[in-house]
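Okay, data.txt is below, compact mmCIF, C-alpha atoms and all ligand atoms:
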```
# COMPACT_ATOMS: atom_id res chain seq x y z
CA MET A 1 67.28 -33.84 -25.33
CA ASN A 2 64.95 -36.37 -26.89
CA ILE A 3 61.68 -34.58 -27.67
CA GLU A 4 59.93 -37.86 -28.46
CA ASN A 5 60.72 -39.14 -24.97
CA LEU A 6 59.51 -35.90 -23.45
CA LYS A 7 56.18 -36.19 -25.33
CA LYS A 8 55.76 -39.79 -24.14
CA GLN A 9 56.41 -38.67 -20.57
CA ILE A 10 53.82 -35.91 -20.85
CA ILE A 11 51.18 -38.20 -22.38
CA GLU A 12 51.67 -40.70 -19.59
CA LYS A 13 51.36 -38.06 -16.89
CA LEU A 14 48.28 -36.59 -18.52
CA SER A 15 46.61 -40.01 -18.62
CA LYS A 16 47.10 -40.33 -14.86
CA ALA A 17 45.84 -36.78 -14.05
CA THR A 18 42.46 -36.86 -12.30
CA SER A 19 42.11 -33.30 -10.99
CA LEU A 20 42.57 -29.72 -12.12
CA LYS A 21 45.45 -29.47 -9.65
CA ASP A 22 47.22 -32.40 -11.42
CA LEU A 23 46.86 -30.61 -14.75
CA GLU A 24 48.28 -27.43 -13.30
CA ILE A 25 51.34 -29.29 -11.99
CA ILE A 26 51.94 -30.98 -15.35
CA GLY A 27 51.69 -27.63 -17.17
CA LYS A 28 54.21 -25.97 -14.84
CA GLU A 29 56.60 -28.94 -14.90
CA TYR A 30 56.66 -28.92 -18.67
CA LEU A 31 57.33 -25.19 -18.88
CA GLU A 32 60.30 -25.73 -16.57
CA GLU A 33 61.54 -28.47 -18.88
CA LYS A 34 61.07 -26.25 -21.94
CA ARG A 35 63.19 -23.57 -20.26
CA ASN A 36 65.94 -26.12 -19.49
CA ILE A 37 65.97 -27.29 -23.10
CA SER A 38 66.10 -23.75 -24.43
CA SER A 39 69.14 -22.90 -22.30
CA SER A 40 70.99 -26.08 -23.33
CA MET A 41 70.33 -25.17 -26.98
CA LYS A 42 73.09 -22.52 -26.80
CA GLU A 43 75.75 -25.01 -27.78
CA LEU A 44 73.86 -26.12 -30.93
CA GLY A 45 74.32 -24.79 -34.46
CA ALA A 46 71.77 -22.44 -36.03
CA LYS A 47 70.03 -25.11 -38.17
CA GLU A 48 69.66 -27.57 -35.29
CA LYS A 49 68.45 -24.77 -33.05
CA LYS A 50 65.69 -23.86 -35.52
CA GLU A 51 64.55 -27.46 -35.95
CA LEU A 52 64.48 -28.12 -32.23
CA GLY A 53 62.62 -24.84 -31.64
CA VAL A 54 59.88 -25.74 -34.11
CA ARG A 55 59.41 -29.18 -32.54
CA LEU A 56 59.37 -27.73 -29.06
CA ASN A 57 56.64 -25.28 -30.06
CA GLU A 58 54.60 -28.07 -31.62
CA LEU A 59 54.89 -29.99 -28.40
CA ALA A 60 53.77 -26.92 -26.42
CA LYS A 61 50.69 -26.53 -28.61
CA PHE A 62 49.89 -30.21 -28.22
CA LEU A 63 50.17 -29.97 -24.45
CA GLU A 64 48.01 -26.87 -24.24
CA GLU A 65 45.31 -28.48 -26.32
CA GLU A 66 45.42 -31.66 -24.19
CA ILE A 67 45.20 -29.66 -20.96
CA THR A 68 42.19 -27.66 -22.26
CA GLN A 69 40.31 -30.81 -23.28
CA LYS A 70 41.13 -32.62 -20.06
CA THR A 71 40.07 -29.58 -17.97
CA LYS A 72 36.64 -29.62 -19.65
CA LYS A 73 36.22 -33.33 -18.98
CA ILE A 74 37.23 -33.02 -15.31
CA LYS A 75 34.84 -30.10 -14.75
CA LEU A 76 31.94 -32.02 -16.30
CA LEU A 77 32.73 -35.01 -14.13
CA GLU A 78 32.77 -32.82 -11.02
CA ILE A 79 29.32 -31.38 -11.85
CA LYS A 80 27.90 -34.84 -12.52
CA GLU A 81 29.30 -36.15 -9.26
CA LYS A 82 27.80 -33.18 -7.35
CA GLU A 83 24.41 -33.74 -8.95
CA GLU A 84 24.47 -37.42 -8.08
CA ASN A 85 25.26 -36.65 -4.45
CA GLU A 86 22.48 -34.04 -4.15
CA PHE A 87 19.01 -35.33 -3.32
CA LEU A 88 15.88 -33.25 -3.86
CA ASP A 89 12.80 -34.58 -2.12
CA ILE A 90 9.88 -32.87 -3.77
CA THR A 91 7.43 -34.53 -1.38
CA LEU A 92 8.86 -32.63 1.65
CA LYS A 93 6.52 -30.05 3.25
CA GLY A 94 7.51 -26.49 2.30
CA ASP A 95 7.60 -23.38 4.48
CA ASN A 96 4.16 -21.93 5.13
CA VAL A 97 3.90 -18.57 3.40
CA LYS A 98 1.59 -16.31 5.40
CA ARG A 99 -0.95 -14.53 3.21
CA GLY A 100 -1.72 -10.91 4.00
CA HIS A 101 -5.28 -9.61 4.19
CA ILE A 102 -6.75 -6.31 3.17
CA HIS A 103 -7.96 -4.51 6.27
CA PRO A 104 -11.78 -4.32 6.33
CA LEU A 105 -11.61 -0.51 6.53
CA SER A 106 -9.35 -0.34 3.47
CA LEU A 107 -11.78 -2.68 1.74
CA ALA A 108 -14.75 -0.46 2.63
CA LYS A 109 -12.88 2.71 1.63
CA LYS A 110 -11.96 1.23 -1.75
CA GLU A 111 -15.54 0.08 -2.42
CA LEU A 112 -16.95 3.48 -1.47
CA GLU A 113 -14.44 5.28 -3.70
CA ASP A 114 -15.49 3.08 -6.60
CA ILE A 115 -19.19 3.80 -6.00
CA PHE A 116 -18.70 7.57 -5.77
CA THR A 117 -16.52 7.58 -8.86
CA PHE A 118 -19.31 5.70 -10.65
CA LEU A 119 -21.77 8.38 -9.46
CA GLY A 120 -19.58 11.10 -11.01
CA PHE A 121 -17.68 12.30 -7.92
CA SER A 122 -13.92 12.83 -8.03
CA ILE A 123 -11.90 11.53 -5.08
CA GLU A 124 -10.04 14.21 -3.12
CA GLU A 125 -7.90 14.36 0.02
CA GLY A 126 -7.06 16.88 2.70
CA PRO A 127 -4.80 17.33 5.74
CA GLU A 128 -5.35 15.41 8.97
CA VAL A 129 -3.59 18.15 10.96
CA GLU A 130 -5.77 21.12 10.17
CA ASP A 131 -6.03 24.77 11.13
CA GLU A 132 -9.07 25.86 13.12
CA TRP A 133 -10.26 28.08 10.28
CA HIS A 134 -10.87 25.19 7.87
CA ASN A 135 -12.07 22.72 10.51
CA PHE A 136 -14.45 25.18 12.25
CA ASP A 137 -14.60 28.89 11.38
CA ALA A 138 -15.02 28.64 7.61
CA LEU A 139 -17.69 26.00 8.30
CA ASN A 140 -19.75 28.59 10.16
CA PHE A 141 -18.82 27.46 13.67
CA PRO A 142 -18.71 30.81 15.54
CA LEU A 143 -15.72 31.26 17.87
CA ASN A 144 -16.52 30.05 21.42
CA HIS A 145 -19.85 28.67 20.19
CA PRO A 146 -20.92 25.49 22.01
CA ALA A 147 -21.27 23.75 18.63
CA ARG A 148 -17.48 23.35 18.62
CA GLU A 149 -17.86 21.04 21.57
CA MET A 150 -20.20 18.74 19.63
CA GLN A 151 -17.02 17.22 18.27
CA ASP A 152 -14.48 16.71 21.05
CA THR A 153 -11.31 18.10 19.60
CA PHE A 154 -7.62 17.21 19.95
CA PHE A 155 -5.89 20.59 20.02
CA ILE A 156 -2.23 20.72 19.01
CA LYS A 157 0.00 22.41 21.56
CA GLN A 158 2.03 25.13 19.86
CA ASN A 159 4.79 26.97 21.69
CA ASN A 160 4.41 30.38 20.18
CA ARG A 161 5.05 33.68 21.89
CA LYS A 162 2.57 35.65 19.80
CA GLU A 163 -1.21 35.23 19.75
CA LEU A 164 -2.10 32.78 16.95
CA SER A 165 -4.82 33.46 14.39
CA GLN A 166 -7.54 30.91 13.58
CA LYS A 167 -5.59 30.00 10.43
CA GLU A 168 -2.50 29.25 12.54
CA LYS A 169 -4.00 27.29 15.42
CA LEU A 170 -3.83 23.57 14.69
CA VAL A 171 -6.12 20.66 15.57
CA LEU A 172 -6.45 17.05 14.49
CA ARG A 173 -9.38 17.34 12.10
CA THR A 174 -12.62 16.24 13.71
CA HIS A 175 -14.33 15.56 10.39
CA THR A 176 -13.62 15.43 6.66
CA SER A 177 -15.76 18.57 6.21
CA ASN A 178 -12.48 20.53 6.40
CA VAL A 179 -11.89 19.52 2.77
CA GLN A 180 -15.21 21.15 1.75
CA THR A 181 -13.85 24.58 2.62
CA ARG A 182 -10.33 23.91 1.33
CA TYR A 183 -11.69 22.71 -2.01
CA MET A 184 -14.29 25.47 -2.47
CA GLU A 185 -11.64 28.15 -1.84
CA ASN A 186 -9.72 26.96 -4.88
CA HIS A 187 -12.31 25.58 -7.31
CA LYS A 188 -15.26 26.97 -9.20
CA PRO A 189 -18.60 25.10 -9.39
CA PRO A 190 -19.79 22.68 -10.53
CA ILE A 191 -18.01 20.81 -7.73
CA LYS A 192 -18.65 17.12 -7.14
CA ILE A 193 -16.15 15.54 -4.76
CA ALA A 194 -15.93 12.58 -2.35
CA VAL A 195 -13.29 12.77 0.37
CA PRO A 196 -12.31 9.69 2.35
CA GLY A 197 -10.00 10.12 5.33
CA ARG A 198 -9.14 9.67 8.98
CA VAL A 199 -10.71 11.89 11.64
CA PHE A 200 -10.00 12.20 15.36
CA ARG A 201 -12.18 12.82 18.38
CA SER A 202 -11.18 13.09 21.99
CA GLU A 203 -13.99 10.98 23.35
CA ALA A 204 -14.53 7.85 25.42
CA THR A 205 -14.71 4.78 23.23
CA ASP A 206 -17.55 2.28 23.22
CA ALA A 207 -18.93 -0.31 20.80
CA ARG A 208 -19.83 2.40 18.26
CA HIS A 209 -17.33 5.18 19.04
CA GLU A 210 -13.60 5.32 18.35
CA VAL A 211 -11.01 8.02 18.97
CA CYS A 212 -9.83 7.69 15.40
CA PHE A 213 -12.19 6.59 12.67
CA TYR A 214 -12.77 7.08 8.95
CA GLN A 215 -15.29 9.30 7.26
CA ILE A 216 -16.17 9.91 3.66
CA GLU A 217 -17.44 13.37 2.81
CA GLY A 218 -19.60 14.17 -0.20
CA LEU A 219 -19.97 17.67 -1.65
CA TYR A 220 -22.02 18.70 -4.67
CA VAL A 221 -22.19 22.40 -5.56
CA ASP A 222 -23.89 23.80 -8.64
CA LYS A 223 -26.94 25.85 -9.58
CA ASP A 224 -30.29 24.51 -8.29
CA VAL A 225 -29.02 21.53 -6.29
CA SER A 226 -31.84 20.32 -4.03
CA VAL A 227 -32.60 17.98 -1.13
CA ALA A 228 -34.10 15.61 -3.72
CA ASN A 229 -30.63 15.31 -5.33
CA LEU A 230 -29.13 14.64 -1.91
CA LYS A 231 -31.67 11.90 -1.16
CA ALA A 232 -31.16 10.27 -4.55
CA VAL A 233 -27.36 10.14 -4.18
CA LEU A 234 -27.50 8.84 -0.60
CA LEU A 235 -30.03 6.14 -1.42
CA ARG A 236 -28.13 5.00 -4.51
CA PHE A 237 -24.75 4.83 -2.77
CA LEU A 238 -26.15 2.86 0.17
CA GLN A 239 -27.97 0.43 -2.12
CA GLU A 240 -24.78 -0.05 -4.13
CA TYR A 241 -22.60 -0.49 -1.03
CA PHE A 242 -24.91 -3.03 0.59
CA LYS A 243 -25.77 -4.58 -2.78
CA ASP A 244 -29.41 -4.47 -1.73
CA GLU A 245 -32.14 -2.54 -3.57
CA ASN A 246 -34.41 -2.81 -0.55
CA VAL A 247 -32.24 -0.45 1.55
CA LYS A 248 -34.35 2.50 2.66
CA ILE A 249 -33.31 5.83 4.19
CA ARG A 250 -35.07 8.45 6.26
CA LEU A 251 -34.01 12.03 6.94
CA ARG A 252 -34.50 13.53 10.41
CA PRO A 253 -33.96 17.28 11.01
CA SER A 254 -30.71 17.95 12.81
CA PHE A 255 -28.23 20.74 13.43
CA PHE A 256 -24.77 21.19 11.92
CA PRO A 257 -23.61 24.83 11.67
CA PHE A 258 -22.42 24.38 8.08
CA VAL A 259 -25.72 23.19 6.58
CA GLU A 260 -29.26 24.53 6.49
CA PRO A 261 -31.44 22.56 6.61
CA GLY A 262 -29.42 19.78 8.26
CA PHE A 263 -30.30 16.10 8.65
CA GLU A 264 -29.31 12.96 10.43
CA VAL A 265 -29.83 10.13 7.99
CA ASP A 266 -30.94 6.69 9.12
CA MET A 267 -30.89 3.57 6.99
CA SER A 268 -33.01 0.47 7.38
CA CYS A 269 -31.18 -2.18 9.40
CA THR A 270 -29.66 -4.71 7.01
CA VAL A 271 -28.82 -7.07 9.85
CA CYS A 272 -32.45 -7.88 10.75
CA ASN A 273 -34.34 -6.39 7.77
CA GLN A 274 -36.15 -4.12 10.22
CA LYS A 275 -37.51 -7.01 12.30
CA GLY A 276 -35.53 -5.71 15.30
CA CYS A 277 -32.09 -6.74 16.58
CA PRO A 278 -29.43 -5.54 19.06
CA VAL A 279 -27.47 -3.73 16.31
CA CYS A 280 -30.38 -1.34 15.59
CA SER A 281 -31.52 -1.37 19.24
CA TYR A 282 -34.74 -3.07 18.00
CA GLU A 283 -35.74 0.09 16.12
CA GLY A 284 -35.22 -1.16 12.56
CA TRP A 285 -33.25 2.02 11.71
CA ILE A 286 -29.59 2.94 12.24
CA GLU A 287 -28.14 6.44 12.20
CA ILE A 288 -25.47 6.34 9.56
CA LEU A 289 -24.55 9.90 8.53
CA GLY A 290 -24.99 13.64 8.80
CA ALA A 291 -26.03 15.72 5.79
CA GLY A 292 -27.69 18.91 4.61
CA MET A 293 -27.76 21.80 2.17
CA VAL A 294 -24.53 23.83 2.34
CA HIS A 295 -25.07 26.99 4.45
CA GLN A 296 -24.78 30.25 2.48
CA ASN A 297 -22.26 31.52 5.09
CA VAL A 298 -19.94 28.67 4.12
CA PHE A 299 -20.15 29.65 0.44
CA LYS A 300 -19.45 33.26 1.44
CA ASN A 301 -16.39 32.22 3.51
CA CYS A 302 -15.06 30.36 0.47
CA GLY A 303 -15.74 33.19 -1.99
CA LEU A 304 -18.68 31.57 -3.83
CA LYS A 305 -22.08 33.09 -4.57
CA ASP A 306 -25.31 32.30 -6.47
CA VAL A 307 -24.87 28.57 -5.96
CA THR A 308 -26.55 25.82 -3.96
CA GLY A 309 -25.21 22.47 -2.87
CA PHE A 310 -25.48 19.52 -0.57
CA ALA A 311 -22.91 17.89 1.68
CA PHE A 312 -22.83 14.75 3.76
CA GLY A 313 -20.38 12.95 6.03
CA VAL A 314 -20.60 9.24 6.70
CA SER A 315 -18.58 7.02 9.01
CA VAL A 316 -16.78 4.37 6.94
CA ASP A 317 -16.27 2.29 10.10
CA ARG A 318 -20.00 2.12 10.78
CA LEU A 319 -20.80 1.20 7.19
CA ALA A 320 -18.24 -1.61 7.34
CA MET A 321 -19.70 -2.76 10.70
CA MET A 322 -23.14 -3.00 9.12
CA LYS A 323 -21.89 -4.79 6.03
CA TYR A 324 -19.73 -7.37 7.80
CA LYS A 325 -21.93 -7.58 10.90
CA ILE A 326 -19.17 -6.45 13.27
CA ASP A 327 -20.57 -5.79 16.71
CA ASN A 328 -17.78 -3.57 18.08
CA ILE A 329 -15.90 -0.76 16.31
CA ARG A 330 -12.81 -1.43 18.45
CA TRP A 331 -12.12 -4.66 16.55
CA PHE A 332 -10.79 -2.57 13.66
CA HIS A 333 -7.75 -1.31 15.54
CA SER A 334 -7.34 -4.33 17.81
CA GLY A 335 -4.64 -5.88 15.60
CA ASP A 336 -6.27 -9.23 16.45
CA LEU A 337 -5.34 -11.64 13.64
CA ARG A 338 -8.36 -13.86 14.33
CA PHE A 339 -10.51 -10.88 13.33
CA LEU A 340 -8.36 -9.60 10.47
CA LYS A 341 -7.92 -13.00 8.82
CA GLN A 342 -11.63 -13.13 8.00
CA PHE A 343 -11.36 -10.50 5.28
C1 LIG B 1 -19.97 15.17 11.17
O1 LIG B 1 -18.83 14.79 11.35
C2 LIG B 1 -20.30 16.10 10.05
N1 LIG B 1 -19.09 16.64 9.51
C3 LIG B 1 -21.08 15.34 9.00
C4 LIG B 1 -21.72 16.24 8.01
C5 LIG B 1 -21.06 16.47 6.82
C6 LIG B 1 -22.94 16.82 8.26
C7 LIG B 1 -21.63 17.32 5.86
C8 LIG B 1 -23.51 17.66 7.34
C9 LIG B 1 -22.86 17.89 6.15
P1 LIG B 1 -21.03 13.69 13.03
O2 LIG B 1 -20.23 14.20 14.13
O3 LIG B 1 -22.46 13.38 13.32
O4 LIG B 1 -21.02 14.71 11.79
O5 LIG B 1 -20.32 12.41 12.41
C10 LIG B 1 -20.78 11.78 11.22
C11 LIG B 1 -20.99 10.30 11.44
O6 LIG B 1 -19.80 9.76 11.98
C12 LIG B 1 -22.05 9.98 12.49
O7 LIG B 1 -23.31 9.88 11.87
C13 LIG B 1 -21.62 8.66 13.05
O8 LIG B 1 -22.09 7.60 12.22
C14 LIG B 1 -20.13 8.72 12.91
N2 LIG B 1 -19.41 8.98 14.15
C15 LIG B 1 -19.47 10.07 14.94
N3 LIG B 1 -18.62 9.96 15.98
C16 LIG B 1 -18.00 8.77 15.84
C17 LIG B 1 -17.00 8.06 16.58
N4 LIG B 1 -16.43 8.57 17.67
N5 LIG B 1 -16.60 6.84 16.14
C18 LIG B 1 -17.15 6.33 15.02
N6 LIG B 1 -18.08 6.94 14.27
C19 LIG B 1 -18.51 8.14 14.68
```
Would it be possible to restate this file's structure as structure tokens?
Amino acid sequence: MNIENLKKQIIEKLSKATSLKDLEIIGKEYLEEKRNISSSMKELGAKEKKELGVRLNELAKFLEEEITQKTKKIKLLEIKEKEENEFLDITLKGDNVKRGHIHPLSLAKKELEDIFTFLGFSIEEGPEVEDEWHNFDALNFPLNHPAREMQDTFFIKQNNRKELSQKEKLVLRTHTSNVQTRYMENHKPPIKIAVPGRVFRSEATDARHEVCFYQIEGLYVDKDVSVANLKAVLLRFLQEYFKDENVKIRLRPSFFPFVEPGFEVDMSCTVCNQKGCPVCSYEGWIEILGAGMVHQNVFKNCGLKDVTGFAFGVSVDRLAMMKYKIDNIRWFHSGDLRFLKQF
């Protein structure tokens, strides 16, 4: 076998190879050849065998090196060709990415939390499915008292054989005041908390009433807390929320079983600056929240004594309506994108 001829043959084939497949075929073919040579070497003497073996190995190394180099070149060529055939038009219009919006109620809730934190209140939460004790009894609503009907309640049907206690009967909470009693049971004064959350009322909806709406509860319990403190906090938080130092409030006597004295609090209409408009029914004032000094019976039910405190509950929905001039509370849960996209 003439090794020089074999090398020439290989070089010629390699020069004609244009694909990885071609290289693979050449590699295999040569191995076959090498095997043939090795078997025909049996008839040779030891010295010749050694010489031929060395030359064959050199040829193998040469071929391997050539195949590696050629493979690299072919791969690069393939990439280049692919890139040349691809065309990227950066002027084409892209897909429209739809931007999400923060819901106006989430926006209002977040702003109110920030204001109350600034005023020194800590933000707390409580259960939406509540027992009657914390939603009513502990808050000084006597059993079967008509005051319970002031807030139309969703009662939870429970299939129990035994008679349930007030701490076992469940309702959807009608107000965030349930967290007042839950918190006071487990914490010692001074207490200064703000509690945002969803509440539920089984009532007919209209432009200002929803079945499910948000409230934020405030509770401040310490020694010598007075109505003056209550007024100061309410005025400051409303001025901060509406970013308007001209906001005024007025307190009207009202009844809630868990406060004494109790108040309905009106704020000056920010829509018309008290000139009169449909939002304030041309009165210049809008009822915005309920408040009062915590009733001593409530403290007693929660195991506290020798303290005073104020509490208030405000509808987040109505605050947001006033701020963004929304004329119907039902827009909030309408899911109407034309409405939601504005925030
Ligand atoms: C209460 O819920 C009392 N827990 C508030 C309170 C807390 C009083 C602490 C005293 C001390 P009321 O039911 O009035 O009170 O509700 C509070 C506010 O929620 C109302 O002033 C009104 O602005 C708003 N509101 C009442 N019902 C609805 C409703 N169905 N939809 C939207 N907002 C409502």
Task: From A:Trp285, A:Phe258, A:Phe213, A:Phe242, residue lying nearest Lys323 of chain A [all atoms listed in the file] - done: A:Phe242
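For Lys70 of chain A, the set of protein, DNA and RNA residues having any atom at most 9 Å away, when counting only C-alpha atoms and skipping those fewer than 6 positions along the same chain, is Leu14, Ala17, Thr18, Leu20 and Leu23 of chain A.
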Please report as a tab-separated table every residue of chain A lying within 7 Å of ligand LIG 1 (chain B), along with the nearest atom pair and their distance in Å (one decimal), using all atoms listed in the file.
```
residue	atom	partner	partner_atom	distance
A:Gln151	CA	B:LIG1	O2	6.0
A:Thr174	CA	B:LIG1	O1	6.8
A:His175	CA	B:LIG1	O1	4.7
A:Thr176	CA	B:LIG1	N1	6.3
A:Ser177	CA	B:LIG1	N1	5.1
A:Arg201	CA	B:LIG1	N4	6.1
A:Glu203	CA	B:LIG1	N4	6.6
A:Thr205	CA	B:LIG1	N4	6.9
A:Arg208	CA	B:LIG1	C18	5.8
A:His209	CA	B:LIG1	N5	3.4
A:Glu210	CA	B:LIG1	N5	4.0
A:Val211	CA	B:LIG1	N4	5.6
A:Cys212	CA	B:LIG1	N5	6.9
A:Phe213	CA	B:LIG1	C18	5.5
A:Gln215	CA	B:LIG1	O6	6.5
A:Glu217	CA	B:LIG1	C5	6.2
A:Phe256	CA	B:LIG1	C8	5.9
A:Phe258	CA	B:LIG1	C9	6.8
A:Val259	CA	B:LIG1	C8	6.0
A:Gly262	CA	B:LIG1	C8	6.3
A:Glu264	CA	B:LIG1	O7	6.9
A:Glu287	CA	B:LIG1	O7	5.9
A:Ile288	CA	B:LIG1	O8	4.5
A:Leu289	CA	B:LIG1	O7	3.6
A:Gly290	CA	B:LIG1	C6	3.8
A:Ala291	CA	B:LIG1	C8	3.5
A:Gly292	CA	B:LIG1	C8	5.1
A:Ala311	CA	B:LIG1	C7	4.4
A:Phe312	CA	B:LIG1	C7	3.5
A:Gly313	CA	B:LIG1	C5	3.7
A:Val314	CA	B:LIG1	C11	4.9
A:Ser315	CA	B:LIG1	O6	4.2
A:Asp317	CA	B:LIG1	C18	6.4
A:Arg318	CA	B:LIG1	O8	6.0
```
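Take the candidates A:Asn301, A:Asn57, A:Ser202, A:Thr117 and check each one against Asn140 of chain A using only C-alpha atoms; the shortest distance goes to A:Asn301.
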Task: Atom-to-atom span, atom CA of Glu125 of chain A and atom CA of Tyr183 of chain A, Å - done: 9.4 Å
Open item on the list: Can you tell me which residues surround Ala194 of chain A at a distance of at most 8 Å, considering only C-alpha atoms, apart from same-chain residues fewer than 2 positions away, and format the answer as a PyMOL selection string?
Closed with: chain A and resi 113+116+121-124+192+196+216-219
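Reported to one decimal place, the separation of atom CA of Gly27 of chain A from atom CA of Lys47 of chain A is 28.0 Å.
Atom pair atom CA of Gly45 of chain A / atom CA of Lys7 of chain A has a distance of 23.3 Å (rounded to one decimal).
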Show me, as lines of an AutoDock Vina configuration file, the centre and edge lengths in Å to one decimal of the axis-aligned box that covers every listed atom of segment 191-198 of chain A with 8 Å on each side.
```
center_x = -13.9
center_y = 15.2
center_z = 0.6
size_x = 25.5
size_y = 27.1
size_z = 32.7
```
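When all atoms listed in the file are used to measure the gap to Gly120 of chain A, the shortest distance among A:Phe343, A:Phe255, A:Phe155, A:Phe237 belongs to A:Phe237.
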Task: Shell of 10 Å around Thr71 of chain A, all atoms listed in the file, local chain residues under 5 positions omitted, as a ChimeraX atom specification - done: /A:18-21,23-24,65-66,76-77
- [ ] For Leu251 of chain A, please output as a list in words all residues within 7 Å (counting only C-alpha atoms; exclusion window: fewer than 5 positions along the same chain).
- [x] Phe263, Glu264, Val265 and Asp266 of chain A
Open item on the list: Ranking A:Asp89, A:Lys73, A:Pro278, A:Val298 by minimum distance to Asn135 of chain A and counting all atoms listed in the file, which one comes first?
Closed with: A:Val298
Task: Residues within 12 Å of Leu107 of chain A, all atoms listed in the file, excluding chain neighbours under 6 positions, as an NGL selection string - done: :A and (101 or 113-114 or 241 or 316-317 or 319-321 or 323-324 or 332 or 340 or 343)
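Among the candidate residues A:Phe118, A:Val199, A:Lys75, A:Ser165, the one lying nearest to Thr153 of chain A is A:Val199, with distances computed using all atoms listed in the file.
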